[in-house]
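Remarks on the structure that follows.
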Amino acid sequence: MPKYIFVTGGVVSSVGKGIVAASVGRILQARGYKVTAIKIDPYLNVDSGTMNPYAHGEVFVTDDGGETDLDIGWYERFLDITLSKRNNITTGQVYLEVITKERRGDYLGKCVQIVPHITDEIKRRIRLVAEGNDVDIAIVEIGGTAGDIEGQPFLEAARQMRLEEGFENTLFIHVALVPILKATEEFKTKALQHSVNELRRIGIQPDAIVARCEKPIDRATRSKIALFGTLPESAVFCSYDVEYVYEVPLILEEQGMGVFITGRLNLSWRQPKLKEWSDIVTSMKNAKEEVRIAVCGKYTKLTDSYVSVREALIHAAAYAGAKAIIDWIDVEEFELNPERVNMLSRYDGILVPGGFGQRGVEGKINAIKYSRENGIPFLGICFGMQLSVVEYARNVCGLEDANSTEVSANTPHPVIDLLPEQRNLENLGGTMRLGGFEILIKPGTLAHKLYNSSIIRQRHRHRYEVNPAYWDILTRAGMIFSGMSEDGRRVEIIELPNHPYFIATQYHAEFISRPGKPEAAYLGFIRAALKRRKNLESYNKSKYVSISMG
């Protein structure tokens with residue numbers, strides 16, 4: 001029978017519950033326990049697929065085609081497991097299911113209520129994931145903060161599971177912000193105390209508290225949190241700011257989190273094996289070289305919009321012995337002032353990520369053109385690949401005003417067009433080409449060299465594709481289609497010969513990147529960027545020497 005760990009939050013949202021939940025999972029994995037992680041999002045959307053990245057951050061895509069919360073990505077990266085769309089539970093899903101059952105007559109004669117019908121559906125979904133994956137422990141993160149009206153049914157369901165599953169099979173961890181008052185350098189715990197009291201009002205007494213703070217809390221603060229939280233000091237932990245989030249399992253383990261959880265859940269003692277994880281973190285922190293990457297996108301004011309891209313670059317750089325210095329470039333700069341694109345000359349690599357809509361398109365195209373013409377290593381992702389095709393069609397193939405029909409419905413050269421199966425859809429939610437698909441790699445190409453395989457599996461999220469009517473024109477002009485869908489109907493990878501590194505993918509390669517296991521296209525990109533950096537340094541050094549001697 002699986003055990004359940006519920007992670008709740010207090011004071012403010014985005015306090016780091018997802019990282020704590022993922023870290024707890026890693027700590028338990030290190031002891032040989034099989035774990036899964038579930039993210040509960042109390043919003044009424046069925047999934048995050050139709051939400052603006054500025055509203056909710058990145059949409060993470062699961063292999064089975066779920067458009068999920070970005071925390072699912074953190075779970076996959078920390079735990080190195082493939083999760084399902086079932087691991088992301090929303091209010092929309094729960095109410096949709098209950099109302100469907102009511103209309104079907106499943107509750108005939110009953111008054112359908114929040115308790116027990118909504119809470120029963122929540123519990124059913126949690127248990128379905130835990131029992132269906134045959135895990136020892138399911139970690140359930142409840143989004144939002146204690147006191148949010150949207151989260152109350154989920155907290156009530158968790159309270160009921162304590163009664164139904166038993167004390168030794170359930171554990172509540174509360175993560176709350178502890179700010180530091182700058183004037184006096186004091187740790188202030190009052191807000192945390194109020195969030196704990198709010199949980200108690202609901203009927204939940206936390207078994208452990210994680211204080212989220214800029215720096216480690218002192219003994220007096222730990223003692224105060226324990227006193228007002230009605231906990232022993234051994235149940236109070238601190239998640240403080242670190243250079244890389246992958247350090248969090250190590251700092252929590254050092255504070256005794258693993259010993260506390262296994263004892264509280266009556267799990268057998270096992271020696272933790274965290275050396276490999278520790279070595280990965282050390283490789284990130286101790287990298288001697290730097291590589292500067294420009295990510296040219298349209299949601300750059302909130303970098304969580306591209307969190308998987310950022311982490312994939314970090315993974316690849318660490319594997320290559322370097323630190324990724326990432327600058328987030330708003331491509332609208334290159335539309336308002338095209339000359340600004342010259343700023344990209346100071347970067348070792350240029351990445352154009354995914355996105356939707358007309359805003360920023362010409363800026364992205366300008367960035368792609370600059371990379372192609374100046375030999376700067378380039379990686380395009382999804383929309384970034386499609387616009388790479390548009391740029392090549394315009395400036396190499398001579399197809400004036402070529403475009404994607406997503407951007408310009410009346411373009412004379414629709415080199416990117418809607419997928420055939422997308423043409424008569426009425427609903428936008430969950431209807432894109434989503435999830436994992438097999439890709440065939442052409443032998444002798446850069447892609448084949450990178451992946452060292454003739455077939456790979458990658459995750460997708462798109463409605464548009466390279467128009468087959470223009471395949472011949474593009475390839476005759478020199479573009480290589482190095483990856484195709486398994487049925488041969490869709491272009492998955494493009495690359496350009498006679499360029500240091502120019503590759504773009506229809507799929508989102510970043511979704512399968514892991515610490516210590518970088519995704520191949522990202523690793524190739526970073527290695528090419530490092531090579532460019534070293535070449536420029538050698539050139540500048542030789543130039544300086546010749547000037548000095550002269």
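Ligands are numbered from 1 in the order shown, chains are lettered A, B, ... in the order of the structure tokens, and residues start at 1 in each chain.
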
For region 215-217 of chain A, find every residue with an atom within 12 Å (counting only C-alpha atoms), except residues of its own chain fewer than 6 positions away, and show them as a ChimeraX atom specification. /A:177-180,185-189,223-225,236-243,251-252,255

So that I have them on file, write out the residues from the current selection with C-alpha atoms, as a short mmCIF file (atom, residue, chain, number, x, y, z; two decimals), in the first residue's frame.
```cif
data_model
loop_
_atom_site.label_atom_id
_atom_site.label_comp_id
_atom_site.auth_asym_id
_atom_site.auth_seq_id
_atom_site.Cartn_x
_atom_site.Cartn_y
_atom_site.Cartn_z
CA LEU A 177 8.29 32.01 3.40
CA VAL A 178 10.44 33.42 6.20
CA PRO A 179 11.52 36.93 5.12
CA ILE A 180 14.52 38.78 6.54
CA GLU A 185 18.62 41.41 9.82
CA GLU A 186 15.88 39.50 11.70
CA PHE A 187 14.18 36.35 10.47
CA LYS A 188 10.44 37.09 10.64
CA THR A 189 8.24 34.04 11.28
CA SER A 223 13.14 26.85 17.81
CA LYS A 224 10.44 29.53 17.43
CA ILE A 225 8.98 27.83 14.32
CA VAL A 236 11.87 22.05 11.02
CA PHE A 237 14.04 22.50 7.92
CA CYS A 238 15.24 25.37 5.77
CA SER A 239 15.33 25.67 1.99
CA TYR A 240 17.61 28.63 1.40
CA ASP A 241 18.91 30.27 -1.77
CA VAL A 242 21.47 28.20 -3.66
CA GLU A 243 23.27 28.68 -6.95
CA ILE A 251 20.97 20.59 1.90
CA LEU A 252 17.70 19.03 3.11
CA GLN A 255 19.57 18.77 7.82
#
```

If you run DSSP on this backbone, which residues of region 317-546 of chain A come out as strand (DSSP E or B), and could you give them as a short mmCIF file (atom, residue, chain, number, x, y, z; two decimals) with C-alpha atoms, in the first residue's frame?
```
data_model
loop_
_atom_site.label_atom_id
_atom_site.label_comp_id
_atom_site.auth_asym_id
_atom_site.auth_seq_id
_atom_site.Cartn_x
_atom_site.Cartn_y
_atom_site.Cartn_z
CA ALA A 322 31.16 24.95 -18.52
CA LYS A 323 28.65 27.34 -16.97
CA ALA A 324 25.87 28.65 -19.19
CA ILE A 325 25.57 32.43 -18.95
CA ILE A 326 22.11 33.05 -20.41
CA ASP A 327 20.80 36.42 -21.54
CA TRP A 328 17.09 36.71 -22.29
CA ILE A 329 16.65 38.90 -25.37
CA ASP A 330 13.26 40.42 -26.18
CA GLY A 349 25.37 30.76 -29.40
CA ILE A 350 21.86 31.90 -30.32
CA LEU A 351 18.70 29.99 -29.40
CA VAL A 352 15.20 30.81 -30.68
CA PHE A 378 22.19 28.23 -33.63
CA LEU A 379 19.47 26.08 -32.13
CA GLY A 380 15.79 26.57 -33.05
CA ILE A 381 12.96 24.95 -31.13
CA ASN A 403 5.72 33.15 -44.11
CA SER A 404 3.72 30.88 -41.88
CA PRO A 414 3.03 29.50 -47.10
CA VAL A 415 6.20 27.54 -46.36
CA ILE A 416 4.74 26.77 -42.92
CA ASP A 417 1.11 25.69 -42.88
CA LEU A 418 -1.52 24.20 -40.61
CA ARG A 433 -0.10 17.55 -32.00
CA LEU A 434 0.94 16.64 -28.48
CA GLY A 435 3.29 14.22 -26.78
CA GLY A 436 5.96 11.76 -27.77
CA PHE A 437 6.43 10.56 -31.36
CA GLU A 438 9.12 8.50 -33.08
CA ILE A 439 11.50 10.35 -35.42
CA LEU A 440 13.63 8.80 -38.16
CA ILE A 441 17.13 10.27 -38.48
CA ILE A 455 15.38 6.56 -34.50
CA ILE A 456 14.61 8.74 -31.48
CA ARG A 457 11.50 9.70 -29.49
CA GLN A 458 10.73 13.32 -28.66
CA ARG A 459 7.82 15.43 -27.37
CA HIS A 460 5.79 17.81 -29.49
CA ARG A 461 3.37 20.70 -29.12
CA HIS A 462 2.40 22.37 -32.39
CA TYR A 464 1.83 23.98 -37.94
CA GLU A 465 4.46 22.19 -40.02
CA VAL A 466 6.81 22.65 -42.98
CA ILE A 480 18.80 19.34 -45.14
CA PHE A 481 15.78 17.58 -43.66
CA SER A 482 17.71 15.31 -41.31
CA GLY A 483 14.77 14.08 -39.24
CA MET A 484 11.32 13.02 -40.40
CA SER A 485 8.21 11.69 -38.68
CA VAL A 491 9.78 17.45 -41.18
CA GLU A 492 11.16 17.09 -37.65
CA ILE A 493 14.74 18.37 -37.94
CA ILE A 494 16.39 20.82 -40.32
CA GLU A 495 20.09 21.62 -40.55
CA PHE A 502 22.78 25.27 -37.38
CA ILE A 503 20.09 22.85 -36.34
CA ALA A 504 16.40 23.32 -35.54
CA THR A 505 13.81 20.85 -34.28
CA ARG A 514 18.12 15.69 -17.23
CA LYS A 517 22.00 13.37 -19.03
#
```

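Computed from the coordinates, the CA of Asn45 (chain A) to CA of Gly92 (chain A) distance equals 5.0 Å.
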
Spatial neighbours of Ser308 (chain A), max dist 7 Å, only C-alpha atoms, sep filter under 4 positions, as a ChimeraX atom specification: /A:312,510-511

With C-alpha atoms kept, could you save the residues just selected as a short mmCIF file (atom, residue, chain, number, x, y, z; two decimals), in the first residue's frame?
```cif
data_model
loop_
_atom_site.label_atom_id
_atom_site.label_comp_id
_atom_site.auth_asym_id
_atom_site.auth_seq_id
_atom_site.Cartn_x
_atom_site.Cartn_y
_atom_site.Cartn_z
CA ALA A 312 18.55 22.05 -20.67
CA GLU A 510 14.40 20.40 -23.67
CA PHE A 511 11.59 18.33 -22.14
#
```

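Residues lying within 7 Å of Pro515 (chain A), counting only C-alpha atoms and ignoring same-chain neighbours fewer than 3 positions away, are Arg77, Ile280, His315 and Pro518 of chain A.
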
How about saving the chosen residues, N, CA and C atoms kept, as a CSV table (one decimal), in the first residue's frame?
```
chain,number,residue,atom,x,y,z
A,77,ARG,N,12.9,16.1,-14.0
A,77,ARG,CA,14.3,16.3,-14.0
A,77,ARG,C,14.9,15.8,-12.7
A,280,ILE,N,27.1,15.6,-9.8
A,280,ILE,CA,26.4,16.4,-10.9
A,280,ILE,C,26.4,17.9,-10.4
A,315,HIS,N,22.2,21.9,-18.0
A,315,HIS,CA,22.6,20.5,-18.0
A,315,HIS,C,23.7,20.3,-19.1
A,518,PRO,N,22.3,15.3,-20.5
A,518,PRO,CA,21.8,16.4,-21.4
A,518,PRO,C,21.2,15.8,-22.7
```

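For the residues A:Pro497, A:Val295, A:Arg201, A:Leu336, ranking by smallest atom-to-atom distance to Val307 (chain A) using only C-alpha atoms places A:Val295 first.
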
Skipping near chain neighbours, those fewer than 3 positions away, what residues fall within 9 Å of Phe6 (chain A) using only C-alpha atoms, listed as a PDB file with all heavy atoms, in the first residue's frame?
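Result went into around11.pdb, see below:
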```
ATOM      1  N   ALA A  21       9.164  19.418  -3.053  1.00  0.00           N
ATOM      2  CA  ALA A  21       8.518  18.129  -3.349  1.00  0.00           C
ATOM      3  C   ALA A  21       9.450  17.239  -4.164  1.00  0.00           C
ATOM      4  O   ALA A  21       9.610  16.042  -3.874  1.00  0.00           O
ATOM      5  CB  ALA A  21       7.213  18.374  -4.102  1.00  0.00           C
ATOM      6  N   ALA A 138       3.892   8.331  -2.819  1.00  0.00           N
ATOM      7  CA  ALA A 138       3.417   9.352  -3.754  1.00  0.00           C
ATOM      8  C   ALA A 138       3.529  10.708  -3.069  1.00  0.00           C
ATOM      9  O   ALA A 138       3.013  10.896  -1.961  1.00  0.00           O
ATOM     10  CB  ALA A 138       1.977   9.079  -4.168  1.00  0.00           C
ATOM     11  N   ILE A 139       4.221  11.638  -3.723  1.00  0.00           N
ATOM     12  CA  ILE A 139       4.372  12.990  -3.191  1.00  0.00           C
ATOM     13  C   ILE A 139       3.364  13.880  -3.901  1.00  0.00           C
ATOM     14  O   ILE A 139       3.371  13.980  -5.131  1.00  0.00           O
ATOM     15  CB  ILE A 139       5.805  13.499  -3.406  1.00  0.00           C
ATOM     16  CG1 ILE A 139       6.794  12.560  -2.692  1.00  0.00           C
ATOM     17  CG2 ILE A 139       5.961  14.923  -2.905  1.00  0.00           C
ATOM     18  CD1 ILE A 139       8.196  12.653  -3.195  1.00  0.00           C
ATOM     19  N   VAL A 140       2.481  14.512  -3.146  1.00  0.00           N
ATOM     20  CA  VAL A 140       1.379  15.292  -3.700  1.00  0.00           C
ATOM     21  C   VAL A 140       1.568  16.758  -3.317  1.00  0.00           C
ATOM     22  O   VAL A 140       1.454  17.122  -2.145  1.00  0.00           O
ATOM     23  CB  VAL A 140       0.010  14.784  -3.190  1.00  0.00           C
ATOM     24  CG1 VAL A 140      -1.119  15.533  -3.877  1.00  0.00           C
ATOM     25  CG2 VAL A 140      -0.125  13.281  -3.398  1.00  0.00           C
ATOM     26  N   GLU A 141       1.881  17.583  -4.312  1.00  0.00           N
ATOM     27  CA  GLU A 141       2.030  19.016  -4.071  1.00  0.00           C
ATOM     28  C   GLU A 141       0.701  19.710  -4.365  1.00  0.00           C
ATOM     29  O   GLU A 141       0.160  19.590  -5.463  1.00  0.00           O
ATOM     30  CB  GLU A 141       3.124  19.607  -4.963  1.00  0.00           C
ATOM     31  CG  GLU A 141       3.292  21.098  -4.798  1.00  0.00           C
ATOM     32  CD  GLU A 141       4.113  21.738  -5.899  1.00  0.00           C
ATOM     33  OE1 GLU A 141       4.749  21.017  -6.689  1.00  0.00           O
ATOM     34  OE2 GLU A 141       4.101  22.989  -5.987  1.00  0.00           O
ATOM     35  N   ILE A 142       0.182  20.432  -3.383  1.00  0.00           N
ATOM     36  CA  ILE A 142      -1.070  21.161  -3.548  1.00  0.00           C
ATOM     37  C   ILE A 142      -0.732  22.619  -3.844  1.00  0.00           C
ATOM     38  O   ILE A 142      -0.160  23.319  -3.016  1.00  0.00           O
ATOM     39  CB  ILE A 142      -1.953  21.039  -2.296  1.00  0.00           C
ATOM     40  CG1 ILE A 142      -2.275  19.562  -2.022  1.00  0.00           C
ATOM     41  CG2 ILE A 142      -3.244  21.841  -2.472  1.00  0.00           C
ATOM     42  CD1 ILE A 142      -3.072  19.314  -0.762  1.00  0.00           C
ATOM     43  N   ALA A 158      -7.127  15.895   1.303  1.00  0.00           N
ATOM     44  CA  ALA A 158      -5.901  15.441   1.955  1.00  0.00           C
ATOM     45  C   ALA A 158      -6.156  15.125   3.426  1.00  0.00           C
ATOM     46  O   ALA A 158      -5.635  14.139   3.968  1.00  0.00           O
ATOM     47  CB  ALA A 158      -4.813  16.501   1.819  1.00  0.00           C
ATOM     48  N   THR A 170       0.674   8.665   6.002  1.00  0.00           N
ATOM     49  CA  THR A 170       0.497  10.012   5.460  1.00  0.00           C
ATOM     50  C   THR A 170       1.396  10.986   6.214  1.00  0.00           C
ATOM     51  O   THR A 170       1.634  10.834   7.419  1.00  0.00           O
ATOM     52  CB  THR A 170      -0.963  10.497   5.591  1.00  0.00           C
ATOM     53  OG1 THR A 170      -1.383  10.337   6.958  1.00  0.00           O
ATOM     54  CG2 THR A 170      -1.884   9.714   4.676  1.00  0.00           C
ATOM     55  N   LEU A 171       1.890  11.984   5.484  1.00  0.00           N
ATOM     56  CA  LEU A 171       2.771  12.973   6.094  1.00  0.00           C
ATOM     57  C   LEU A 171       2.517  14.326   5.433  1.00  0.00           C
ATOM     58  O   LEU A 171       2.415  14.408   4.210  1.00  0.00           O
ATOM     59  CB  LEU A 171       4.234  12.550   5.919  1.00  0.00           C
ATOM     60  CG  LEU A 171       5.308  13.408   6.594  1.00  0.00           C
ATOM     61  CD1 LEU A 171       6.445  12.521   7.074  1.00  0.00           C
ATOM     62  CD2 LEU A 171       5.877  14.446   5.625  1.00  0.00           C
ATOM     63  N   PHE A 172       2.427  15.372   6.235  1.00  0.00           N
ATOM     64  CA  PHE A 172       2.183  16.720   5.726  1.00  0.00           C
ATOM     65  C   PHE A 172       3.424  17.585   5.919  1.00  0.00           C
ATOM     66  O   PHE A 172       3.925  17.728   7.044  1.00  0.00           O
ATOM     67  CB  PHE A 172       0.991  17.366   6.445  1.00  0.00           C
ATOM     68  CG  PHE A 172      -0.341  16.776   6.065  1.00  0.00           C
ATOM     69  CD1 PHE A 172      -0.889  15.735   6.803  1.00  0.00           C
ATOM     70  CD2 PHE A 172      -1.034  17.256   4.969  1.00  0.00           C
ATOM     71  CE1 PHE A 172      -2.116  15.189   6.459  1.00  0.00           C
ATOM     72  CE2 PHE A 172      -2.260  16.715   4.613  1.00  0.00           C
ATOM     73  CZ  PHE A 172      -2.804  15.670   5.346  1.00  0.00           C
ATOM     74  N   ILE A 173       3.925  18.146   4.815  1.00  0.00           N
ATOM     75  CA  ILE A 173       5.052  19.076   4.856  1.00  0.00           C
ATOM     76  C   ILE A 173       4.544  20.446   4.416  1.00  0.00           C
ATOM     77  O   ILE A 173       3.962  20.570   3.337  1.00  0.00           O
ATOM     78  CB  ILE A 173       6.195  18.623   3.933  1.00  0.00           C
ATOM     79  CG1 ILE A 173       6.738  17.254   4.365  1.00  0.00           C
ATOM     80  CG2 ILE A 173       7.318  19.659   3.909  1.00  0.00           C
ATOM     81  CD1 ILE A 173       7.789  16.693   3.427  1.00  0.00           C
ATOM     82  N   HIS A 174       4.757  21.447   5.242  1.00  0.00           N
ATOM     83  CA  HIS A 174       4.306  22.799   4.916  1.00  0.00           C
ATOM     84  C   HIS A 174       5.517  23.668   4.591  1.00  0.00           C
ATOM     85  O   HIS A 174       6.470  23.760   5.380  1.00  0.00           O
ATOM     86  CB  HIS A 174       3.526  23.397   6.092  1.00  0.00           C
ATOM     87  CG  HIS A 174       2.860  24.701   5.784  1.00  0.00           C
ATOM     88  ND1 HIS A 174       1.951  24.845   4.749  1.00  0.00           N
ATOM     89  CD2 HIS A 174       2.985  25.937   6.365  1.00  0.00           C
ATOM     90  CE1 HIS A 174       1.528  26.096   4.712  1.00  0.00           C
ATOM     91  NE2 HIS A 174       2.141  26.774   5.672  1.00  0.00           N
TER      92      HIS A 174
END
```

From the list A:Asp106, A:Asp64, A:Asp207, A:Asp47, the nearest residue to Asn88 (chain A) using only C-alpha atoms is A:Asp47

Which polymer residues have any atom within 7 Å of an atom of region 24-28 of chain A, counting only C-alpha atoms, with same-chain residues fewer than 6 positions away left out, as a ChimeraX atom specification? /A:35,78-79,249,253,258

Rank nothing, just name the residue among A:Ala191, A:Met432, A:Ala521, A:Ala22 nearest to Leu250 (chain A), using only C-alpha atoms. A:Ala22

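Taking CA of Leu446 (chain A) and CA of Glu58 (chain A) as the two end points, the separation is 28.8 Å.
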
Spatial neighbours of Pro468 (chain A), max dist 8 Å, only C-alpha atoms, sep filter under 2 positions, as an mmCIF file with N, CA and C atoms, in the first residue's frame:
```cif
data_model
loop_
_atom_site.group_PDB
_atom_site.id
_atom_site.type_symbol
_atom_site.label_atom_id
_atom_site.label_comp_id
_atom_site.auth_asym_id
_atom_site.auth_seq_id
_atom_site.Cartn_x
_atom_site.Cartn_y
_atom_site.Cartn_z
ATOM 1 N N VAL A 466 6.210 22.252 -41.714
ATOM 2 C CA VAL A 466 6.811 22.647 -42.981
ATOM 3 C C VAL A 466 5.914 22.138 -44.110
ATOM 4 N N TYR A 470 6.741 22.861 -50.474
ATOM 5 C CA TYR A 470 7.991 23.614 -50.585
ATOM 6 C C TYR A 470 9.219 22.778 -50.221
ATOM 7 N N TRP A 471 9.023 21.500 -49.953
ATOM 8 C CA TRP A 471 10.156 20.655 -49.578
ATOM 9 C C TRP A 471 11.252 20.684 -50.643
ATOM 10 N N ARG A 489 5.696 11.998 -43.290
ATOM 11 C CA ARG A 489 4.832 13.100 -43.719
ATOM 12 C C ARG A 489 5.246 14.455 -43.147
ATOM 13 N N ARG A 490 6.112 14.466 -42.124
ATOM 14 C CA ARG A 490 6.414 15.721 -41.445
ATOM 15 C C ARG A 490 7.913 15.892 -41.239
#
```

Taking the DSSP secondary structure from the backbone, can you list the residues of region 311-405 of chain A that are helix (DSSP H, G or I), as number ranges by chain? A: 311-319, 332-336, 338-346, 361-374, 383-395

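Take CA of Gly66 (chain A) and CA of Thr90 (chain A): the distance between them is 12.3 Å.
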
Determine, using only C-alpha atoms, which residues of region 29-80 of chain A have any atom at most 9 Å from an atom of region 118-129 of chain A, and tabulate each with its shortest atom pair and distance in Å to one decimal place, rows ordered by chain and then rising number, as a Markdown table.
```
| residue | atom | partner | partner_atom | distance |
| --- | --- | --- | --- | --- |
| A:Thr36 | CA | A:Val129 | CA | 8.1 |
| A:Ala37 | CA | A:Val129 | CA | 8.8 |
| A:Ile38 | CA | A:Ile126 | CA | 7.5 |
```

May I have the selected residues written with all heavy atoms, as an mmCIF file, in the first residue's frame?
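What landed in out.cif:
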```cif
data_model
loop_
_atom_site.group_PDB
_atom_site.id
_atom_site.type_symbol
_atom_site.label_atom_id
_atom_site.label_comp_id
_atom_site.auth_asym_id
_atom_site.auth_seq_id
_atom_site.Cartn_x
_atom_site.Cartn_y
_atom_site.Cartn_z
ATOM 1 N N THR A 36 6.581 8.539 -6.949
ATOM 2 C CA THR A 36 5.989 9.339 -8.021
ATOM 3 C C THR A 36 5.612 10.686 -7.420
ATOM 4 O O THR A 36 5.609 10.846 -6.187
ATOM 5 C CB THR A 36 4.781 8.659 -8.665
ATOM 6 O OG1 THR A 36 4.429 9.360 -9.876
ATOM 7 C CG2 THR A 36 3.556 8.658 -7.751
ATOM 8 N N ALA A 37 5.324 11.644 -8.275
ATOM 9 C CA ALA A 37 4.959 12.980 -7.799
ATOM 10 C C ALA A 37 3.728 13.466 -8.547
ATOM 11 O O ALA A 37 3.593 13.256 -9.757
ATOM 12 C CB ALA A 37 6.125 13.957 -7.987
ATOM 13 N N ILE A 38 2.843 14.118 -7.823
ATOM 14 C CA ILE A 38 1.577 14.624 -8.364
ATOM 15 C C ILE A 38 1.502 16.114 -8.076
ATOM 16 O O ILE A 38 1.790 16.554 -6.959
ATOM 17 C CB ILE A 38 0.381 13.906 -7.713
ATOM 18 C CG1 ILE A 38 0.434 12.390 -7.998
ATOM 19 C CG2 ILE A 38 -0.946 14.501 -8.186
ATOM 20 C CD1 ILE A 38 -0.510 11.581 -7.123
#
```
